[in-house]
Amino acid sequence: MNQEMPSNPKSVEDIFRDYSGRRAGIVRALCYDVHEVYELCDPEKENLCLYGHPNDMWEVTLPAEEVPPELPEPALGINFARDGMDRKDWLSLVAVHSDSWLLSVAFYLGARLNRNDRKRLFGMINELPTVYEVVTRKTPMKDKPMMDIGSKSKVSTKRSSDGQVKSNSKHVDEGYGEDEDEHSDTLCGTCGGSYSAEEFWIGCDICERWFHGKCVKITPAKAESIKQYKCPNCSMKKSRQ
């Protein structure tokens, strides 16, 4: 029995959005929700897979029973290797397999794209760091300034106990290089991209992760009116509770 082609042809942009959402979920699983993932991947359980979903969420579960599956499946049995190797090595191994899976899903969805569109899709994907690159260079999140694109000043924000925002501005020439180096290892909680002082960032007051404003659809102007920012993941968790 041959697996059917995707029924609804998708555009390059549609496929890239799907890829980005699944990738963001896996980055969150392997960089921020590591303890939860580690506990779920019990070697005593059956073959488990790590899935990234288009809505930026992740899931550790059994593979699809449908044969052939609707989409390519992730690596099977990631839980069996958990206790046989160092945790960092295990996470790196899962990250490599996840990168392979993400590409396979993207190009399965893009099976009907022409040569130029396939090349454009890969170019867009290749602009993002791989999950493996994000996982292996992951460091604890640091406080960082929020920066408006094109602004000549950098603004660091702190919140007082009453929730009020206090801002401190410095001219871009004052210690700019030092600030860039200090936060160079900080990664966006959505896309996994590295910190750049040329982009606007916002920090979640609940989980303390940092995000590109564009990744969470928050502009500098909108941020000024937010007393307590909750990232999409924390907002979703609160809704479920």
# chains A, B, ... in the order shown; residues from 1 in each chain; ligands from 1
>>> residues_around(residues="range 13-29 of chain A", least_positions_apart="4", cutoff="6 Å", atoms="only C-alpha atoms", output="ChimeraX atom specification")
/A:33-34,52-58,190-191
>>> write_last_selection(atoms="C-alpha atoms", output="tab-separated table (two decimals), in the first residue's frame")
chain	number	residue	atom	x	y	z
A	33	ASP	CA	10.87	21.72	29.99
A	34	VAL	CA	13.78	19.29	30.23
A	52	GLY	CA	6.38	19.01	18.08
A	53	HIS	CA	3.00	20.46	17.14
A	54	PRO	CA	2.29	23.43	14.84
A	55	ASN	CA	0.92	25.42	17.80
A	56	ASP	CA	4.37	25.59	19.46
A	57	MET	CA	3.54	22.76	21.89
A	58	TRP	CA	5.28	19.41	22.41
A	190	THR	CA	9.95	30.48	20.65
A	191	CYS	CA	12.35	30.27	17.72
>>> residues_around(residues="Leu128 in chain A", least_positions_apart="4", cutoff="10 Å", atoms="only C-alpha atoms", output="PyMOL selection string")
chain A and resi 20+23+123-124+133-134+191-194
>>> write_last_selection(atoms="N, CA, C and O atoms", output="short mmCIF file (atom, residue, chain, number, x, y, z; two decimals), in the first residue's frame")
data_model
loop_
_atom_site.label_atom_id
_atom_site.label_comp_id
_atom_site.auth_asym_id
_atom_site.auth_seq_id
_atom_site.Cartn_x
_atom_site.Cartn_y
_atom_site.Cartn_z
N SER A 20 8.07 25.91 11.76
CA SER A 20 8.50 26.79 12.85
C SER A 20 7.76 26.47 14.14
O SER A 20 8.36 26.47 15.23
N ARG A 23 9.05 23.11 15.47
CA ARG A 23 10.41 23.31 15.96
C ARG A 23 10.41 24.04 17.31
O ARG A 23 11.14 23.68 18.23
N GLY A 123 15.87 27.22 2.17
CA GLY A 123 16.58 28.44 2.54
C GLY A 123 15.98 29.10 3.78
O GLY A 123 16.70 29.56 4.68
N MET A 124 14.65 29.13 3.85
CA MET A 124 13.98 29.71 5.01
C MET A 124 14.25 28.88 6.27
O MET A 124 14.52 29.42 7.34
N GLU A 133 21.73 22.59 17.43
CA GLU A 133 22.56 23.76 17.72
C GLU A 133 22.04 24.51 18.94
O GLU A 133 22.82 24.98 19.78
N VAL A 134 20.73 24.63 19.04
CA VAL A 134 20.14 25.33 20.18
C VAL A 134 20.39 24.56 21.47
O VAL A 134 20.79 25.12 22.49
N CYS A 191 11.63 30.72 18.92
CA CYS A 191 12.35 30.27 17.72
C CYS A 191 13.73 29.74 18.02
O CYS A 191 14.35 29.10 17.16
N GLY A 192 14.28 29.99 19.22
CA GLY A 192 15.61 29.51 19.57
C GLY A 192 16.72 30.38 19.03
O GLY A 192 17.89 30.06 19.18
N GLY A 193 16.37 31.50 18.39
CA GLY A 193 17.39 32.40 17.84
C GLY A 193 18.16 33.11 18.93
O GLY A 193 17.66 33.34 20.04
N SER A 194 19.40 33.48 18.62
CA SER A 194 20.27 34.14 19.59
C SER A 194 19.89 35.61 19.78
O SER A 194 19.29 36.23 18.90
#
>>> closest_residue(among="A:Lys230, A:Lys217, A:Asp99, A:Glu44", to="Asn126 in chain A", atoms="only C-alpha atoms")
A:Asp99
>>> atom_distance(atom1="CA of Cys234 in chain A", atom2="CA of Ile206 in chain A")
7.0 Å
>>> atom_distance(atom1="CA of Tyr108 in chain A", atom2="CA of Pro63 in chain A")
17.7 Å
>>> closest_residue(among="A:Pro129, A:Leu187, A:Leu113, A:Asp205", to="Ser11 in chain A", atoms="only C-alpha atoms")
A:Leu113
>>> residues_around(residues="range 78-93 of chain A", least_positions_apart="5", cutoff="10 Å", atoms="only C-alpha atoms", output="list in words")
Ala29, Leu30, Cys31, Val34, Val37, Tyr38, Glu39, Leu40, Cys41, Asp42, Pro43, Glu44, Lys45, Glu46, Asn47, Leu48, Cys49, Leu50, Val60, Ser98, Val131, Tyr132, Glu133, Val134, Val135 and Thr136 of chain A
>>> select_by_dssp(residues="range 110-144 of chain A", states="helix (DSSP H, G or I)", output="MDAnalysis selection string")
chainID A and resid 115:126 131:136
>>> atom_distance(atom1="CA of Pro232 in chain A", atom2="CA of Trp101 in chain A")
24.3 Å
>>> residues_around(residues="Arg209 in chain A", least_positions_apart="3", cutoff="9 Å", atoms="only C-alpha atoms", output="PyMOL selection string")
chain A and resi 32+141-142+187-189+202-206+231
>>> write_last_selection(atoms="all heavy atoms", output="PDB file, in the first residue's frame")
ATOM      1  N   TYR A  32      13.770  24.011  27.916  1.00  0.00           N
ATOM      2  CA  TYR A  32      13.115  24.651  29.049  1.00  0.00           C
ATOM      3  C   TYR A  32      12.285  23.685  29.897  1.00  0.00           C
ATOM      4  O   TYR A  32      12.188  23.857  31.107  1.00  0.00           O
ATOM      5  CB  TYR A  32      12.225  25.791  28.549  1.00  0.00           C
ATOM      6  CG  TYR A  32      12.992  26.795  27.726  1.00  0.00           C
ATOM      7  CD1 TYR A  32      12.832  26.852  26.346  1.00  0.00           C
ATOM      8  CD2 TYR A  32      13.897  27.669  28.321  1.00  0.00           C
ATOM      9  CE1 TYR A  32      13.545  27.758  25.583  1.00  0.00           C
ATOM     10  CE2 TYR A  32      14.617  28.572  27.568  1.00  0.00           C
ATOM     11  CZ  TYR A  32      14.434  28.621  26.195  1.00  0.00           C
ATOM     12  OH  TYR A  32      15.159  29.508  25.445  1.00  0.00           O
ATOM     13  N   MET A 141      18.916  31.422  31.127  1.00  0.00           N
ATOM     14  CA  MET A 141      18.461  32.708  30.630  1.00  0.00           C
ATOM     15  C   MET A 141      18.970  33.822  31.523  1.00  0.00           C
ATOM     16  O   MET A 141      19.025  33.707  32.734  1.00  0.00           O
ATOM     17  CB  MET A 141      16.925  32.746  30.598  1.00  0.00           C
ATOM     18  CG  MET A 141      16.314  31.649  29.750  1.00  0.00           C
ATOM     19  SD  MET A 141      16.773  31.776  28.019  1.00  0.00           S
ATOM     20  CE  MET A 141      15.602  33.015  27.498  1.00  0.00           C
ATOM     21  N   LYS A 142      19.358  34.936  30.921  1.00  0.00           N
ATOM     22  CA  LYS A 142      19.832  36.091  31.667  1.00  0.00           C
ATOM     23  C   LYS A 142      18.882  37.251  31.431  1.00  0.00           C
ATOM     24  O   LYS A 142      18.205  37.320  30.429  1.00  0.00           O
ATOM     25  CB  LYS A 142      21.227  36.509  31.171  1.00  0.00           C
ATOM     26  CG  LYS A 142      22.274  35.416  31.265  1.00  0.00           C
ATOM     27  CD  LYS A 142      23.557  35.900  30.638  1.00  0.00           C
ATOM     28  CE  LYS A 142      24.626  34.836  30.621  1.00  0.00           C
ATOM     29  NZ  LYS A 142      25.853  35.263  29.959  1.00  0.00           N
ATOM     30  N   LEU A 187      18.665  32.805  24.363  1.00  0.00           N
ATOM     31  CA  LEU A 187      17.936  32.320  23.195  1.00  0.00           C
ATOM     32  C   LEU A 187      16.455  32.640  23.306  1.00  0.00           C
ATOM     33  O   LEU A 187      15.893  32.632  24.396  1.00  0.00           O
ATOM     34  CB  LEU A 187      18.117  30.804  23.061  1.00  0.00           C
ATOM     35  CG  LEU A 187      19.564  30.299  23.026  1.00  0.00           C
ATOM     36  CD1 LEU A 187      19.571  28.777  22.997  1.00  0.00           C
ATOM     37  CD2 LEU A 187      20.297  30.855  21.829  1.00  0.00           C
ATOM     38  N   CYS A 188      15.845  32.901  22.183  1.00  0.00           N
ATOM     39  CA  CYS A 188      14.404  33.161  22.143  1.00  0.00           C
ATOM     40  C   CYS A 188      13.643  31.893  22.524  1.00  0.00           C
ATOM     41  O   CYS A 188      13.929  30.814  22.000  1.00  0.00           O
ATOM     42  CB  CYS A 188      13.991  33.634  20.746  1.00  0.00           C
ATOM     43  SG  CYS A 188      12.205  33.796  20.514  1.00  0.00           S
ATOM     44  N   GLY A 189      12.669  32.019  23.420  1.00  0.00           N
ATOM     45  CA  GLY A 189      11.905  30.867  23.868  1.00  0.00           C
ATOM     46  C   GLY A 189      10.998  30.274  22.815  1.00  0.00           C
ATOM     47  O   GLY A 189      10.499  29.168  22.983  1.00  0.00           O
ATOM     48  N   ILE A 202      11.183  40.716  24.758  1.00  0.00           N
ATOM     49  CA  ILE A 202      10.332  40.874  25.940  1.00  0.00           C
ATOM     50  C   ILE A 202      10.446  39.616  26.796  1.00  0.00           C
ATOM     51  O   ILE A 202      10.539  38.499  26.272  1.00  0.00           O
ATOM     52  CB  ILE A 202       8.860  41.141  25.545  1.00  0.00           C
ATOM     53  CG1 ILE A 202       8.028  41.459  26.790  1.00  0.00           C
ATOM     54  CG2 ILE A 202       8.263  39.968  24.768  1.00  0.00           C
ATOM     55  CD1 ILE A 202       6.653  42.026  26.476  1.00  0.00           C
ATOM     56  N   GLY A 203      10.469  39.789  28.110  1.00  0.00           N
ATOM     57  CA  GLY A 203      10.621  38.662  29.031  1.00  0.00           C
ATOM     58  C   GLY A 203       9.299  38.303  29.687  1.00  0.00           C
ATOM     59  O   GLY A 203       8.521  39.190  30.056  1.00  0.00           O
ATOM     60  N   CYS A 204       9.058  37.019  29.859  1.00  0.00           N
ATOM     61  CA  CYS A 204       7.845  36.542  30.533  1.00  0.00           C
ATOM     62  C   CYS A 204       8.042  36.664  32.042  1.00  0.00           C
ATOM     63  O   CYS A 204       9.055  36.222  32.581  1.00  0.00           O
ATOM     64  CB  CYS A 204       7.572  35.084  30.153  1.00  0.00           C
ATOM     65  SG  CYS A 204       6.159  34.358  31.044  1.00  0.00           S
ATOM     66  N   ASP A 205       7.080  37.269  32.719  1.00  0.00           N
ATOM     67  CA  ASP A 205       7.179  37.452  34.166  1.00  0.00           C
ATOM     68  C   ASP A 205       6.862  36.179  34.938  1.00  0.00           C
ATOM     69  O   ASP A 205       7.036  36.134  36.157  1.00  0.00           O
ATOM     70  CB  ASP A 205       6.221  38.560  34.617  1.00  0.00           C
ATOM     71  CG  ASP A 205       6.706  39.932  34.173  1.00  0.00           C
ATOM     72  OD1 ASP A 205       7.825  40.298  34.541  1.00  0.00           O
ATOM     73  OD2 ASP A 205       5.974  40.614  33.436  1.00  0.00           O
ATOM     74  N   ILE A 206       6.380  35.144  34.255  1.00  0.00           N
ATOM     75  CA  ILE A 206       6.049  33.890  34.927  1.00  0.00           C
ATOM     76  C   ILE A 206       7.207  32.892  34.837  1.00  0.00           C
ATOM     77  O   ILE A 206       7.737  32.439  35.845  1.00  0.00           O
ATOM     78  CB  ILE A 206       4.772  33.265  34.321  1.00  0.00           C
ATOM     79  CG1 ILE A 206       3.619  34.286  34.333  1.00  0.00           C
ATOM     80  CG2 ILE A 206       4.395  31.997  35.089  1.00  0.00           C
ATOM     81  CD1 ILE A 206       3.260  34.800  35.708  1.00  0.00           C
ATOM     82  N   CYS A 231       3.909  34.773  28.536  1.00  0.00           N
ATOM     83  CA  CYS A 231       4.157  34.232  27.204  1.00  0.00           C
ATOM     84  C   CYS A 231       3.003  33.309  26.804  1.00  0.00           C
ATOM     85  O   CYS A 231       2.204  32.901  27.652  1.00  0.00           O
ATOM     86  CB  CYS A 231       5.485  33.478  27.174  1.00  0.00           C
ATOM     87  SG  CYS A 231       5.495  31.939  28.116  1.00  0.00           S
TER      88      CYS A 231
END
